[in-house]
Every structure is written in structure tokens, then in C-alpha cells.
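**Q** Below is upload_20.csv; it holds CSV, C-alpha atoms.
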chain,number,residue,atom,x,y,z
F,190,MET,CA,66.8,88.0,93.6
F,191,ASN,CA,68.6,87.7,90.3
F,192,VAL,CA,72.4,88.1,89.8
F,193,SER,CA,72.1,91.7,88.4
F,194,GLN,CA,70.2,92.9,91.5
F,195,THR,CA,72.9,91.3,93.7
F,196,MET,CA,75.7,93.0,91.9
F,197,GLU,CA,73.9,96.4,92.1
F,198,THR,CA,73.4,96.0,95.8
F,199,GLU,CA,77.1,95.2,96.3
F,200,GLU,CA,78.1,98.2,94.2
F,201,ASP,CA,76.1,100.5,96.4
F,202,LEU,CA,77.6,99.1,99.6
F,203,LEU,CA,81.4,99.4,98.8
F,204,THR,CA,83.8,100.1,101.7
F,205,CYS,CA,85.2,103.5,101.3
F,206,LEU,CA,88.6,104.9,102.5
F,207,HIS,CA,88.3,108.6,103.0
F,208,ILE,CA,91.8,109.9,102.8
F,209,LYS,CA,92.2,113.5,104.0
F,210,LEU,CA,95.6,115.1,103.2
F,211,TYR,CA,97.5,118.0,104.6
F,212,HIS,CA,100.9,119.5,103.9
F,213,PRO,CA,102.0,123.0,105.2
F,214,GLN,CA,103.0,124.1,101.7
F,215,GLN,CA,100.2,122.5,99.7
F,216,SER,CA,98.7,125.7,98.4
F,217,SER,CA,101.9,126.8,96.7
F,218,LYS,CA,103.5,123.6,95.4
F,219,GLY,CA,100.8,121.6,93.5
F,220,LEU,CA,101.6,118.4,95.5
F,221,TYR,CA,98.3,116.7,94.8
F,222,GLY,CA,98.1,117.4,91.0
F,223,LEU,CA,98.2,113.6,90.2
F,224,LEU,CA,95.5,112.6,92.7
F,225,PRO,CA,91.9,112.1,91.8
F,226,LEU,CA,90.6,114.8,94.2
F,227,GLY,CA,86.8,115.1,94.5
F,228,THR,CA,86.0,111.8,92.8
F,229,LYS,CA,85.8,108.4,94.3
F,230,SER,CA,88.0,105.8,92.6
F,231,ARG,CA,87.1,102.1,92.7
F,232,HIS,CA,89.8,99.5,93.3
F,233,SER,CA,90.0,95.7,93.5
F,234,ALA,CA,90.5,94.3,97.0
F,235,ASP,CA,93.3,92.1,95.6
F,236,GLU,CA,95.5,95.0,94.5
F,237,PRO,CA,97.7,96.9,96.9
F,238,LEU,CA,97.4,100.7,96.8
F,239,ARG,CA,100.8,102.2,96.7
F,240,LEU,CA,101.4,105.9,97.4
F,241,GLY,CA,104.7,107.6,96.5
F,242,ARG,CA,106.5,109.8,94.0
F,243,ASP,CA,106.8,107.3,91.1
F,244,GLY,CA,103.6,107.4,89.1
F,245,GLN,CA,104.7,104.3,87.1
F,246,VAL,CA,104.7,101.9,90.1
F,247,CYS,CA,102.3,103.7,92.5
F,248,THR,CA,98.6,103.7,92.3
F,249,PHE,CA,98.6,107.3,93.6
F,250,ALA,CA,101.5,109.7,93.1
F,251,LEU,CA,102.5,112.9,95.0
F,252,VAL,CA,104.4,115.6,93.1
F,253,ASP,CA,107.2,116.0,95.6
F,254,VAL,CA,110.9,115.1,95.3
F,255,ARG,CA,111.1,114.7,99.1
F,256,VAL,CA,108.6,111.8,99.0
F,257,SER,CA,110.1,108.3,98.4
F,258,ARG,CA,109.5,106.6,95.1
F,259,LYS,CA,107.3,104.1,97.0
F,260,GLN,CA,106.3,105.7,100.3
F,261,LEU,CA,103.6,103.4,101.6
F,262,VAL,CA,101.1,100.7,100.6
F,263,LEU,CA,97.6,100.1,101.8
F,264,LEU,CA,96.5,96.5,101.7
F,265,ALA,CA,92.9,95.2,102.0
F,266,TYR,CA,92.2,92.1,103.9
F,267,ARG,CA,89.4,90.2,105.7
F,268,SER,CA,89.5,88.2,109.0
F,269,PRO,CA,87.3,85.5,110.4
F,270,GLN,CA,86.4,87.8,113.3
F,271,SER,CA,84.9,90.6,111.2
F,272,PRO,CA,82.6,90.7,108.1
F,273,ASP,CA,84.2,94.0,107.1
F,274,THR,CA,87.0,94.7,104.6
F,275,LEU,CA,89.9,95.9,106.8
F,276,PHE,CA,93.2,97.6,105.8
F,277,SER,CA,96.8,97.5,106.9
F,278,VAL,CA,99.6,100.0,106.0
F,279,GLN,CA,103.2,99.1,105.3
F,280,ASN,CA,106.1,101.5,105.2
F,281,LEU,CA,108.0,101.2,101.8
F,282,SER,CA,110.4,104.0,102.4
F,283,GLN,CA,114.0,103.0,103.3
F,284,ARG,CA,114.9,106.6,104.2
F,285,GLY,CA,111.9,107.7,106.2
F,286,ARG,CA,109.8,106.6,109.1
F,287,LEU,CA,106.1,106.4,109.0
F,288,SER,CA,103.9,107.0,112.0
F,289,VAL,CA,100.4,105.6,112.5
F,290,ASN,CA,98.6,107.4,115.4
F,291,SER,CA,101.3,107.0,118.1
F,292,SER,CA,103.2,104.1,116.6
F,293,THR,CA,106.3,104.3,114.3
F,294,LEU,CA,106.9,102.0,111.4
F,295,ASP,CA,110.3,101.5,110.0
F,296,TYR,CA,111.1,100.1,106.6
F,297,LEU,CA,108.8,97.2,105.6
F,298,GLU,CA,107.0,97.2,109.0
F,299,ARG,CA,103.3,96.7,108.7
F,300,MET,CA,100.3,97.6,111.0
F,301,ASP,CA,96.6,97.1,110.9
F,302,LEU,CA,94.7,100.3,110.6
F,303,PRO,CA,91.9,101.2,113.0
F,304,ASP,CA,88.7,102.8,111.5
F,305,LYS,CA,90.3,106.2,111.9
F,306,ALA,CA,94.1,106.6,111.6
F,307,LEU,CA,96.4,109.5,111.4
F,308,ILE,CA,99.4,108.7,109.2
F,309,ARG,CA,102.5,111.0,109.1
F,310,PHE,CA,105.6,110.9,106.9
F,311,GLY,CA,107.8,113.9,106.2
F,312,GLU,CA,105.6,117.0,106.5
F,313,TYR,CA,102.5,115.1,105.3
F,314,GLU,CA,99.5,114.2,107.4
F,315,MET,CA,96.9,111.8,106.1
F,316,LEU,CA,93.7,111.1,108.1
F,317,ILE,CA,92.2,107.8,106.8
F,318,VAL,CA,88.7,107.1,107.8
F,319,ARG,CA,87.2,103.7,106.8
F,320,GLU,CA,83.5,103.6,106.0
F,321,SER,CA,82.2,100.0,106.1
F,322,GLY,CA,80.5,98.4,103.2
F,323,GLU,CA,79.3,94.9,102.4
F,324,ALA,CA,81.0,94.3,99.0
F,325,LYS,CA,84.0,92.0,99.3
F,326,GLY,CA,85.7,92.2,95.9
F,327,SER,CA,86.3,96.0,95.7
F,328,PHE,CA,86.3,99.2,97.6
F,329,GLU,CA,86.5,103.0,96.9
F,330,VAL,CA,89.0,105.6,97.8
F,331,ASP,CA,88.0,109.3,98.2
F,332,PHE,CA,90.8,111.9,98.5
F,333,GLU,CA,90.2,115.3,100.1
F,334,VAL,CA,92.6,118.2,100.9
F,335,LEU,CA,92.3,119.7,104.4
F,336,ALA,CA,93.0,123.4,105.2
F,337,VAL,CA,94.3,122.6,108.7
F,338,PRO,CA,96.4,119.6,109.9
F,339,PRO,CA,94.2,116.6,110.8
F,340,SER,CA,96.3,116.2,113.9
F,341,ARG,CA,94.2,119.0,115.4
F,342,GLU,CA,91.0,117.1,114.7
F,343,THR,CA,92.4,113.9,116.3
F,344,CYS,CA,94.0,115.8,119.2
F,345,THR,CA,97.4,114.4,118.4
F,346,SER,CA,99.2,117.7,117.8
F,347,ALA,CA,102.4,118.6,119.7
F,348,PRO,CA,101.7,119.9,123.2
F,349,SER,CA,101.8,123.6,123.8
F,350,MET,CA,105.0,124.9,125.3
F,351,THR,CA,103.2,127.8,127.0
F,352,ALA,CA,103.7,127.7,130.8
F,353,VAL,CA,100.7,127.2,133.0
F,354,MET,CA,101.0,128.6,136.5
F,355,GLU,CA,99.9,126.3,139.4
F,356,THR,CA,96.6,128.2,139.6
F,357,GLY,CA,95.9,127.2,136.0
F,358,ALA,CA,95.7,130.8,135.0
F,359,ARG,CA,97.8,132.6,132.4
F,360,MET,CA,99.7,135.7,133.5
F,361,VAL,CA,99.3,138.7,131.1
F,362,THR,CA,101.2,141.9,131.4
F,363,SER,CA,99.9,144.8,129.3
F,364,SER,CA,102.3,147.4,130.8
F,365,PRO,CA,105.0,147.2,133.5
F,366,ALA,CA,102.7,149.0,136.0
F,367,GLU,CA,99.8,146.7,135.4
F,368,LEU,CA,99.7,143.0,136.1
F,369,ARG,CA,96.6,141.0,135.5
F,370,VAL,CA,96.4,137.4,136.4
F,371,GLY,CA,93.7,134.9,135.3
F,372,LEU,CA,91.6,137.2,133.2
F,373,LEU,CA,91.9,134.9,130.3
F,374,GLY,CA,91.1,131.8,132.2
F,375,PRO,CA,93.1,128.5,132.3
F,376,LEU,CA,95.2,127.5,129.4
F,377,GLU,CA,94.5,123.8,130.0
F,378,THR,CA,91.6,122.2,128.2
F,379,ASP,CA,89.8,119.0,128.8
F,380,GLU,CA,90.8,116.8,125.8
F,381,THR,CA,87.7,114.6,126.3
F,382,ILE,CA,85.5,117.5,125.4
F,383,LEU,CA,87.6,118.5,122.3
F,384,CYS,CA,87.9,114.9,121.0
F,385,ASP,CA,84.5,113.6,121.8
F,386,GLU,CA,82.8,112.3,118.7
Starting from the file, give its structure as C-alpha cells.
**A**
Amino acid sequence: MNVSQTMETEEDLLTCLHIKLYHPQQSSKGLYGLLPLGTKSRHSADEPLRLGRDGQVCTFALVDVRVSRKQLVLLAYRSPQSPDTLFSVQNLSQRGRLSVNSSTLDYLERMDLPDKALIRFGEYEMLIVRESGEAKGSFEVDFEVLAVPPSRETCTSAPSMTAVMETGARMVTSSPAELRVGLLGPLETDETILCDE
């Protein structure tokens, strides 16, 4: 196999970070106007990917004054235990916390990302899904905007505050004279069914 065939093979097998974004006011504010939505962008594994408000120092910028100048950075790395390109995230915001799944990162704290990670800061939610590839020198990033919060997909949304009776049935009153219990079934759901992939 000659060198050009090797390079073509590596190009076809790039690791891809699928970054799915959500903000409750995204439809009216144009928050993602500077992001390459709908096109994969290629990046060197040596270069950190910064996300924040400042388009001069960040690889990707959000059009939002409430986002820190430098909000977070994604760093590619490799380990002896895995042939894959892996990633970590570091909180660069001095004024805001960053959460990764159920862990909170303060300023300059860093964490390795699992293959699927829900990152939250401010009102933003980012679901990052890593698709493995064999190329070592570079990777791709693919941004997508979601219509619903990804926390629903990952079953990490805030628990419902609706009361559940000991029977597990909801009580519904349609008129003072009529009392119906349990016609709607239990409010509880089995999370293993909802989250099974």
C-alpha cells in the first residue's frame, strides 16, 4: 500500500465529536450564528478546541453576552490503554460552573469525557457523542441544534415534582362530585426502559 492510499484511509476514519446544542431561547436569539452548523470541521489533535463568547481566542464562538469569553476547552489525547482518540473537558470560566453528566467542574478543573457526555453551563446543554476513528493526527467536529433539551434523551432532567400516591396512581378530579383514581395509570416510569440504547 503506498502513502497516498494510507492517507486516504486515515481521512475516511477520523474520530468525530457530534456536539448537539440546546438553549431555551435559541430560536429567537441567534446564539449559534458563528458555529459551522450542518458541516463537519476538521481539527488537529494537537490544538485545543475552545468554546466561548470571544471569537478571537476561541475556536467556536457563541453569540451570547452571558457566556464567558472562554467558557470551556476540549482537549484530544491518547492513552496506552486505548487505541482511540479520547477527549477531556476543562472549565475556563471563572464566574460559572460547568457540569459533566452528574459531576461539577469549577474554574480550571478538568475531566475525561465518556463516549457520551451531557455538558451544562448557564442555560446551555451540550450533548457530546464521540464516534471512534483510526486517524491519530486529526478529528472532526459536527454541530447540531436540538429542538428539545438533550437531558431528556439522557434521562438526566430534573425529577418531576408531581406527587405520587402510595398506590402509584394519580388522582384526577374533574368536578367536585366526581373523583376518579388511577384512570391514568401510574406516574412513575421505569428509567431502564426509557434510557435503554
**Q** So that I can see what lies close to range 210-218 of chain F, please list as a VMD selection string the residues with an atom at most 6 Å from it, counting all atoms listed in the file and leaving out residues fewer than 3 positions away in the same chain.
**A** chain F and resid 312 to 315 334 to 335 338
**Q** Grab the CA of Gln279 in chain F to CA of Leu226 in chain F distance for me, in Å with one decimal place.
**A**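 Computing the Euclidean distance for CA of Gln279 in chain F and CA of Leu226 in chain F yields 23.0 Å.
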**Q** Would you list the contacts of Arg258 in chain F as number ranges by chain, taking every protein, DNA or RNA residue within 12 Å and counting all atoms listed in the file, but skipping same-chain residues closer than 2 positions in sequence?
**A** F: 239-256, 260-262, 280-285
**Q** Report the distance between CA of Leu287 in chain F and CA of Asp273 in chain F in Å, rounded to one decimal place.
**A**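 Interatomic distance, CA of Leu287 in chain F to CA of Asp273 in chain F: 25.2 Å.
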**Q** Suppose you want the space between CA of Glu329 in chain F and CA of Asp301 in chain F; what is it in Å?
**A** 18.2 Å
**Q** From the list F:Leu220, F:Leu206, F:Leu297, F:Ala336, which residue is nearest Ile317 in chain F when using only C-alpha atoms?
**A**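 Distance minimum relative to Ile317 in chain F lands on F:Leu206.
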**Q** Choose the residue, out of F:Arg319, F:His232, F:Arg299, F:Lys305, that has the smallest atom-to-atom separation from Thr204 in chain F; count only C-alpha atoms.
**A** F:Arg319
**Q** Considering only C-alpha atoms, state which residue in the set F:Glu236, F:Ser321, F:Cys205, F:Leu316 is at the smallest distance from Ser271 in chain F.
**A**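 Looking only at the distances to Ser271 in chain F, the closest residue turns out to be F:Ser321.
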**Q** Nearest to Phe310 in chain F among F:Ser233, F:Gln270, F:Ser327, F:Ser288, with distances taken over all atoms listed in the file: which residue is it?
**A**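 For Phe310 in chain F, the nearest of the given residues is F:Ser288.
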**Q** Missing atoms in range 207-228 of chain F need filling: write out N, CA, C and O atoms for it as a PDB file, keeping the file's coordinate frame.
**A**
ATOM      1  N   HIS F 207      88.219 107.159 103.126  1.00  0.00           N
ATOM      2  CA  HIS F 207      88.300 108.600 103.000  1.00  0.00           C
ATOM      3  C   HIS F 207      89.672 109.030 103.419  1.00  0.00           C
ATOM      4  O   HIS F 207      90.031 108.858 104.589  1.00  0.00           O
ATOM      5  N   ILE F 208      90.465 109.535 102.488  1.00  0.00           N
ATOM      6  CA  ILE F 208      91.800 109.900 102.800  1.00  0.00           C
ATOM      7  C   ILE F 208      91.920 111.446 102.704  1.00  0.00           C
ATOM      8  O   ILE F 208      91.758 112.048 101.641  1.00  0.00           O
ATOM      9  N   LYS F 209      92.165 112.059 103.862  1.00  0.00           N
ATOM     10  CA  LYS F 209      92.200 113.500 104.000  1.00  0.00           C
ATOM     11  C   LYS F 209      93.669 113.916 104.147  1.00  0.00           C
ATOM     12  O   LYS F 209      94.325 113.495 105.093  1.00  0.00           O
ATOM     13  N   LEU F 210      94.179 114.728 103.227  1.00  0.00           N
ATOM     14  CA  LEU F 210      95.600 115.100 103.200  1.00  0.00           C
ATOM     15  C   LEU F 210      95.862 116.500 103.636  1.00  0.00           C
ATOM     16  O   LEU F 210      95.051 117.403 103.429  1.00  0.00           O
ATOM     17  N   TYR F 211      97.045 116.670 104.222  1.00  0.00           N
ATOM     18  CA  TYR F 211      97.500 118.000 104.600  1.00  0.00           C
ATOM     19  C   TYR F 211      99.018 118.080 104.479  1.00  0.00           C
ATOM     20  O   TYR F 211      99.725 117.140 104.851  1.00  0.00           O
ATOM     21  N   HIS F 212      99.507 119.183 103.951  1.00  0.00           N
ATOM     22  CA  HIS F 212     100.900 119.500 103.900  1.00  0.00           C
ATOM     23  C   HIS F 212     101.015 121.030 104.113  1.00  0.00           C
ATOM     24  O   HIS F 212     100.224 121.775 103.532  1.00  0.00           O
ATOM     25  N   PRO F 213     101.960 121.517 104.928  1.00  0.00           N
ATOM     26  CA  PRO F 213     102.000 123.000 105.200  1.00  0.00           C
ATOM     27  C   PRO F 213     102.215 123.839 103.970  1.00  0.00           C
ATOM     28  O   PRO F 213     101.843 125.007 103.973  1.00  0.00           O
ATOM     29  N   GLN F 214     102.784 123.301 102.882  1.00  0.00           N
ATOM     30  CA  GLN F 214     103.000 124.100 101.700  1.00  0.00           C
ATOM     31  C   GLN F 214     102.144 123.657 100.504  1.00  0.00           C
ATOM     32  O   GLN F 214     102.460 123.929  99.350  1.00  0.00           O
ATOM     33  N   GLN F 215     101.037 123.026 100.790  1.00  0.00           N
ATOM     34  CA  GLN F 215     100.200 122.500  99.700  1.00  0.00           C
ATOM     35  C   GLN F 215      99.595 123.522  98.807  1.00  0.00           C
ATOM     36  O   GLN F 215      99.370 123.255  97.633  1.00  0.00           O
ATOM     37  N   SER F 216      99.358 124.725  99.295  1.00  0.00           N
ATOM     38  CA  SER F 216      98.700 125.700  98.400  1.00  0.00           C
ATOM     39  C   SER F 216      99.651 126.286  97.389  1.00  0.00           C
ATOM     40  O   SER F 216      99.212 126.752  96.350  1.00  0.00           O
ATOM     41  N   SER F 217     100.963 126.223  97.611  1.00  0.00           N
ATOM     42  CA  SER F 217     101.900 126.800  96.700  1.00  0.00           C
ATOM     43  C   SER F 217     102.666 125.820  95.816  1.00  0.00           C
ATOM     44  O   SER F 217     103.304 126.186  94.861  1.00  0.00           O
ATOM     45  N   LYS F 218     102.598 124.536  96.116  1.00  0.00           N
ATOM     46  CA  LYS F 218     103.500 123.600  95.400  1.00  0.00           C
ATOM     47  C   LYS F 218     102.773 122.608  94.472  1.00  0.00           C
ATOM     48  O   LYS F 218     103.454 121.909  93.748  1.00  0.00           O
ATOM     49  N   GLY F 219     101.473 122.528  94.453  1.00  0.00           N
ATOM     50  CA  GLY F 219     100.800 121.600  93.500  1.00  0.00           C
ATOM     51  C   GLY F 219     101.120 120.144  93.816  1.00  0.00           C
ATOM     52  O   GLY F 219     101.279 119.344  92.893  1.00  0.00           O
ATOM     53  N   LEU F 220     101.225 119.771  95.086  1.00  0.00           N
ATOM     54  CA  LEU F 220     101.600 118.400  95.500  1.00  0.00           C
ATOM     55  C   LEU F 220     100.652 117.343  95.097  1.00  0.00           C
ATOM     56  O   LEU F 220     101.014 116.187  94.926  1.00  0.00           O
ATOM     57  N   TYR F 221      99.381 117.704  94.981  1.00  0.00           N
ATOM     58  CA  TYR F 221      98.300 116.700  94.800  1.00  0.00           C
ATOM     59  C   TYR F 221      97.803 116.698  93.326  1.00  0.00           C
ATOM     60  O   TYR F 221      96.730 116.188  93.053  1.00  0.00           O
ATOM     61  N   GLY F 222      98.581 117.233  92.404  1.00  0.00           N
ATOM     62  CA  GLY F 222      98.100 117.400  91.000  1.00  0.00           C
ATOM     63  C   GLY F 222      97.843 116.046  90.313  1.00  0.00           C
ATOM     64  O   GLY F 222      97.097 116.017  89.334  1.00  0.00           O
ATOM     65  N   LEU F 223      98.388 114.938  90.781  1.00  0.00           N
ATOM     66  CA  LEU F 223      98.200 113.600  90.200  1.00  0.00           C
ATOM     67  C   LEU F 223      97.116 112.787  90.883  1.00  0.00           C
ATOM     68  O   LEU F 223      96.848 111.648  90.477  1.00  0.00           O
ATOM     69  N   LEU F 224      96.540 113.319  91.958  1.00  0.00           N
ATOM     70  CA  LEU F 224      95.500 112.600  92.700  1.00  0.00           C
ATOM     71  C   LEU F 224      94.133 112.838  92.213  1.00  0.00           C
ATOM     72  O   LEU F 224      93.827 113.949  91.793  1.00  0.00           O
ATOM     73  N   PRO F 225      93.242 111.855  92.278  1.00  0.00           N
ATOM     74  CA  PRO F 225      91.900 112.100  91.800  1.00  0.00           C
ATOM     75  C   PRO F 225      91.029 112.762  92.922  1.00  0.00           C
ATOM     76  O   PRO F 225      90.171 112.154  93.564  1.00  0.00           O
ATOM     77  N   LEU F 226      91.288 114.035  93.127  1.00  0.00           N
ATOM     78  CA  LEU F 226      90.600 114.800  94.200  1.00  0.00           C
ATOM     79  C   LEU F 226      89.123 115.010  93.759  1.00  0.00           C
ATOM     80  O   LEU F 226      88.829 115.301  92.601  1.00  0.00           O
ATOM     81  N   GLY F 227      88.225 114.852  94.697  1.00  0.00           N
ATOM     82  CA  GLY F 227      86.800 115.100  94.500  1.00  0.00           C
ATOM     83  C   GLY F 227      86.041 114.032  93.751  1.00  0.00           C
ATOM     84  O   GLY F 227      84.856 114.182  93.506  1.00  0.00           O
ATOM     85  N   THR F 228      86.704 112.937  93.390  1.00  0.00           N
ATOM     86  CA  THR F 228      86.000 111.800  92.800  1.00  0.00           C
ATOM     87  C   THR F 228      86.431 110.522  93.452  1.00  0.00           C
ATOM     88  O   THR F 228      87.596 110.331  93.757  1.00  0.00           O
TER      89      THR F 228
END
